[in-house]
Amino acid sequence: MSPVLVLVGPMGVGKSTVGHLLAERLGVGYRDTDDDIVAAEGRTIADIFVDEGEPAFRAIEKRAVHSAVTGHDGVLALGGGAVLDADTRALLAGQRVVYLSMDVEEAVRRTGLGVARPLLAVNPRKQWRELMEARRHLYEEVATAVVPTDGRTPEEVAEAALDALELKEA
Ligand SMILES: Nc1ncnc2c1ncn2[C@@H]1O[C@H](COP(=O)(O)OP(=O)(O)O)[C@@H](O)[C@H]1O
Ligand SMILES: O=C(O)C1=C[C@@H](OP(=O)(O)O)[C@@H](O)[C@H](O)C1
Ligand SMILES: [Mg+2]
């Protein structure tokens with residue numbers, strides 16, 4: 001079993017929002033590895049970061065991604081940092097992967113200063129730029145299609161993703 005498509009990209013780019021829309025339009029299920037982690041751990045992502053640190057979160061995430069990529073046949077959204085893991089990138093090699101992209105100002109507007117994303121809690125603009133320096137090439141490496149989201153509604157992004165992958169609606 002493997003997903004119809006996998007969404008990757010930075011925090012706040014709209015993976016979860018667009019993922020739900022895509023699942024609806026394709027008539028398939030939706031799964032999000034962040035949600036799987038929260039359900040399995042019984043606590044928020046922010047709490048896992050605070051309680052155990054980022055490396056422990058990444059280990060949990062790696063298992064969650066493996067089980068979703070091999071056990072789900074609908075739309076799958078990954079957490080923004082999932083591609084940091086080399087085994088995860090190898091696992092994505094045979095998949096349809098859409099990289100949702102955006103510029104820094106759009107990122108700050110969408111993620112704000114909320115505590116829900118611990119990696120952006122302090123100086124979000126600078127942290128986002130640094131994250132993208134480290135990750136942009138990883139998103140590009142795993143992507144079979146890149147869909148810019150700046151100035152597009154979630155519906156327009158979903159439409160562009162379907163076009164890019166030449167997928168037909170249900
Ligand atoms: N295309 C878009 N235009 C404007 N806001 C968006 C768009 N896509 C998502 N958002 C908003 O940005 C925030 C982050 O979206 P989310 O789907 O949680 O991103 P991700 O899962 O990639 O972190 C949410 O408040 C969402 O409503
Ligand atoms: O980019 C990251 O390292 C992270 C992204 C988050 O998911 P979203 O990309 O869905 O916000 C979540 O997994 C965690 O806060 C870490
Ligand atoms: Mg998300």
# chains A, B, ... in the order shown; residues from 1 in each chain; ligands from 1

call {"tool": "residues_around", "arguments": {"residues": "range 161-169 of chain A", "least_positions_apart": "5", "cutoff": "12 Å", "atoms": "only C-alpha atoms", "output": "PyMOL selection string"}}
result
chain A and resi 4-8+15+18-19+21-28+75+95-101+143-149+152+154-156

call {"tool": "write_last_selection", "arguments": {"atoms": "N, CA and C atoms", "output": "mmCIF file, in the first residue's frame"}}
result
data_model
loop_
_atom_site.group_PDB
_atom_site.id
_atom_site.type_symbol
_atom_site.label_atom_id
_atom_site.label_comp_id
_atom_site.auth_asym_id
_atom_site.auth_seq_id
_atom_site.Cartn_x
_atom_site.Cartn_y
_atom_site.Cartn_z
ATOM 1 N N VAL A 4 -1.562 8.046 -2.444
ATOM 2 C CA VAL A 4 -1.797 8.640 -3.764
ATOM 3 C C VAL A 4 -0.775 9.749 -3.994
ATOM 4 N N LEU A 5 -0.550 10.525 -2.957
ATOM 5 C CA LEU A 5 0.484 11.561 -3.022
ATOM 6 C C LEU A 5 0.895 11.933 -1.605
ATOM 7 N N VAL A 6 2.125 12.448 -1.505
ATOM 8 C CA VAL A 6 2.684 12.867 -0.220
ATOM 9 C C VAL A 6 3.012 14.354 -0.308
ATOM 10 N N LEU A 7 2.614 15.128 0.713
ATOM 11 C CA LEU A 7 2.911 16.559 0.742
ATOM 12 C C LEU A 7 4.074 16.834 1.675
ATOM 13 N N VAL A 8 5.069 17.569 1.177
ATOM 14 C CA VAL A 8 6.191 18.011 2.009
ATOM 15 C C VAL A 8 6.342 19.526 1.848
ATOM 16 N N LYS A 15 0.377 22.266 4.187
ATOM 17 C CA LYS A 15 0.310 20.820 3.911
ATOM 18 C C LYS A 15 -0.979 20.215 4.465
ATOM 19 N N VAL A 18 -4.197 21.960 2.643
ATOM 20 C CA VAL A 18 -4.315 21.528 1.246
ATOM 21 C C VAL A 18 -4.497 20.004 1.176
ATOM 22 N N GLY A 19 -3.871 19.296 2.112
ATOM 23 C CA GLY A 19 -4.002 17.840 2.146
ATOM 24 C C GLY A 19 -5.451 17.403 2.314
ATOM 25 N N LEU A 21 -8.099 19.148 1.488
ATOM 26 C CA LEU A 21 -8.820 19.486 0.245
ATOM 27 C C LEU A 21 -8.532 18.465 -0.847
ATOM 28 N N LEU A 22 -7.268 18.066 -0.971
ATOM 29 C CA LEU A 22 -6.889 17.099 -2.004
ATOM 30 C C LEU A 22 -7.561 15.751 -1.767
ATOM 31 N N ALA A 23 -7.608 15.342 -0.507
ATOM 32 C CA ALA A 23 -8.228 14.049 -0.189
ATOM 33 C C ALA A 23 -9.706 14.076 -0.580
ATOM 34 N N GLU A 24 -10.354 15.204 -0.257
ATOM 35 C CA GLU A 24 -11.767 15.346 -0.600
ATOM 36 C C GLU A 24 -11.963 15.293 -2.118
ATOM 37 N N ARG A 25 -11.135 16.047 -2.828
ATOM 38 C CA ARG A 25 -11.304 16.114 -4.284
ATOM 39 C C ARG A 25 -10.984 14.793 -4.968
ATOM 40 N N LEU A 26 -10.059 14.033 -4.391
ATOM 41 C CA LEU A 26 -9.691 12.746 -4.981
ATOM 42 C C LEU A 26 -10.568 11.606 -4.461
ATOM 43 N N GLY A 27 -11.392 11.905 -3.442
ATOM 44 C CA GLY A 27 -12.257 10.879 -2.869
ATOM 45 C C GLY A 27 -11.491 9.793 -2.136
ATOM 46 N N VAL A 28 -10.418 10.198 -1.445
ATOM 47 C CA VAL A 28 -9.607 9.228 -0.689
ATOM 48 C C VAL A 28 -9.439 9.729 0.747
ATOM 49 N N VAL A 75 -4.199 10.565 0.725
ATOM 50 C CA VAL A 75 -3.283 11.709 0.744
ATOM 51 C C VAL A 75 -2.549 11.717 2.083
ATOM 52 N N GLN A 95 7.780 7.552 -4.464
ATOM 53 C CA GLN A 95 6.437 8.109 -4.260
ATOM 54 C C GLN A 95 6.198 9.358 -5.093
ATOM 55 N N ARG A 96 4.889 9.693 -5.273
ATOM 56 C CA ARG A 96 4.517 10.997 -5.836
ATOM 57 C C ARG A 96 4.596 12.008 -4.704
ATOM 58 N N VAL A 97 5.550 12.906 -4.779
ATOM 59 C CA VAL A 97 5.760 13.852 -3.673
ATOM 60 C C VAL A 97 5.623 15.287 -4.172
ATOM 61 N N VAL A 98 4.739 16.041 -3.528
ATOM 62 C CA VAL A 98 4.549 17.455 -3.891
ATOM 63 C C VAL A 98 5.203 18.325 -2.830
ATOM 64 N N TYR A 99 6.118 19.174 -3.273
ATOM 65 C CA TYR A 99 6.754 20.148 -2.381
ATOM 66 C C TYR A 99 5.977 21.455 -2.497
ATOM 67 N N LEU A 100 5.283 21.830 -1.414
ATOM 68 C CA LEU A 100 4.589 23.118 -1.367
ATOM 69 C C LEU A 100 5.597 24.153 -0.878
ATOM 70 N N SER A 101 5.789 25.217 -1.658
ATOM 71 C CA SER A 101 6.801 26.220 -1.299
ATOM 72 C C SER A 101 6.156 27.577 -1.031
ATOM 73 N N ALA A 143 11.087 15.836 -4.121
ATOM 74 C CA ALA A 143 9.881 16.260 -4.842
ATOM 75 C C ALA A 143 9.799 15.707 -6.253
ATOM 76 N N THR A 144 8.589 15.281 -6.643
ATOM 77 C CA THR A 144 8.340 15.010 -8.055
ATOM 78 C C THR A 144 7.650 16.218 -8.690
ATOM 79 N N ALA A 145 7.086 17.102 -7.854
ATOM 80 C CA ALA A 145 6.486 18.346 -8.352
ATOM 81 C C ALA A 145 6.662 19.419 -7.281
ATOM 82 N N VAL A 146 6.909 20.663 -7.719
ATOM 83 C CA VAL A 146 7.015 21.800 -6.798
ATOM 84 C C VAL A 146 5.840 22.731 -7.093
ATOM 85 N N VAL A 147 5.068 23.061 -6.050
ATOM 86 C CA VAL A 147 3.902 23.930 -6.236
ATOM 87 C C VAL A 147 4.035 25.160 -5.330
ATOM 88 N N PRO A 148 4.303 26.342 -5.924
ATOM 89 C CA PRO A 148 4.378 27.569 -5.113
ATOM 90 C C PRO A 148 3.000 27.928 -4.571
ATOM 91 N N THR A 149 2.957 28.392 -3.320
ATOM 92 C CA THR A 149 1.655 28.685 -2.692
ATOM 93 C C THR A 149 1.430 30.178 -2.467
ATOM 94 N N ARG A 152 -1.807 32.313 -3.365
ATOM 95 C CA ARG A 152 -2.841 31.379 -3.828
ATOM 96 C C ARG A 152 -3.685 30.930 -2.645
ATOM 97 N N PRO A 154 -5.891 28.062 -0.598
ATOM 98 C CA PRO A 154 -5.706 26.611 -0.493
ATOM 99 C C PRO A 154 -6.354 25.855 -1.659
ATOM 100 N N GLU A 155 -7.522 26.308 -2.102
ATOM 101 C CA GLU A 155 -8.202 25.648 -3.233
ATOM 102 C C GLU A 155 -7.353 25.753 -4.501
ATOM 103 N N GLU A 156 -6.760 26.929 -4.715
ATOM 104 C CA GLU A 156 -5.914 27.105 -5.901
ATOM 105 C C GLU A 156 -4.654 26.249 -5.813
#

call {"tool": "residues_around", "arguments": {"residues": "His72 in chain A", "least_positions_apart": "2", "cutoff": "12 Å", "atoms": "only C-alpha atoms", "output": "ChimeraX atom specification"}}
result
/A:1-6,28-33,36,64-70,74-77

call {"tool": "closest_residue", "arguments": {"among": "A:Gly80, A:Gly71, A:Gly151, A:Pro124", "to": "ligand 3", "atoms": "only C-alpha atoms and all ligand atoms"}}
result
A:Gly80

call {"tool": "select_by_dssp", "arguments": {"residues": "chain A", "states": "helix (DSSP H, G or I)", "output": "count of residues only"}}
result
99

call {"tool": "residues_near_ligand", "arguments": {"ligand": "ligand 2", "cutoff": "8 Å", "atoms": "only C-alpha atoms and all ligand atoms", "output": "list in words"}}
result
Val8, Gly9, Pro10, Met11, Gly12, Val13, Gly14, Lys15, Ser16, Thr33, Asp34, Ile45, Ala46, Glu61, Ala77, Leu78, Gly79, Gly80, Gly81, Ala82, Ala116, Arg117, Pro118, Leu119 and Leu131 of chain A

call {"tool": "atom_distance", "arguments": {"atom1": "CA of Val142 in chain A", "atom2": "CA of Thr44 in chain A"}}
result
27.0 Å

call {"tool": "residues_around", "arguments": {"residues": "Leu84 in chain A", "least_positions_apart": "2", "cutoff": "9 Å", "atoms": "only C-alpha atoms", "output": "list in words"}}
result
Arg58, Gly80, Gly81, Ala82, Ala86, Thr88, Arg89, Ala134, Arg135 and Leu138 of chain A

call {"tool": "closest_residue", "arguments": {"among": "A:Asp73, A:Ala158, A:Glu141, A:Gly42", "to": "Leu92 in chain A", "atoms": "only C-alpha atoms"}}
result
A:Glu141

call {"tool": "closest_residue", "arguments": {"among": "A:Glu41, A:Thr111, A:Asp47, A:Ala93", "to": "ligand 3", "atoms": "only C-alpha atoms and all ligand atoms"}}
result
A:Thr111

call {"tool": "select_by_dssp", "arguments": {"residues": "chain A", "states": "strand (DSSP E or B)", "output": "list in words"}}
result
Leu5, Val6, Leu7, Val8, Tyr30, Arg31, Asp32, Val75, Leu76, Ala77, Val97, Val98, Tyr99, Leu100, Ser101, Ala145, Val146, Val147 and Pro148 of chain A
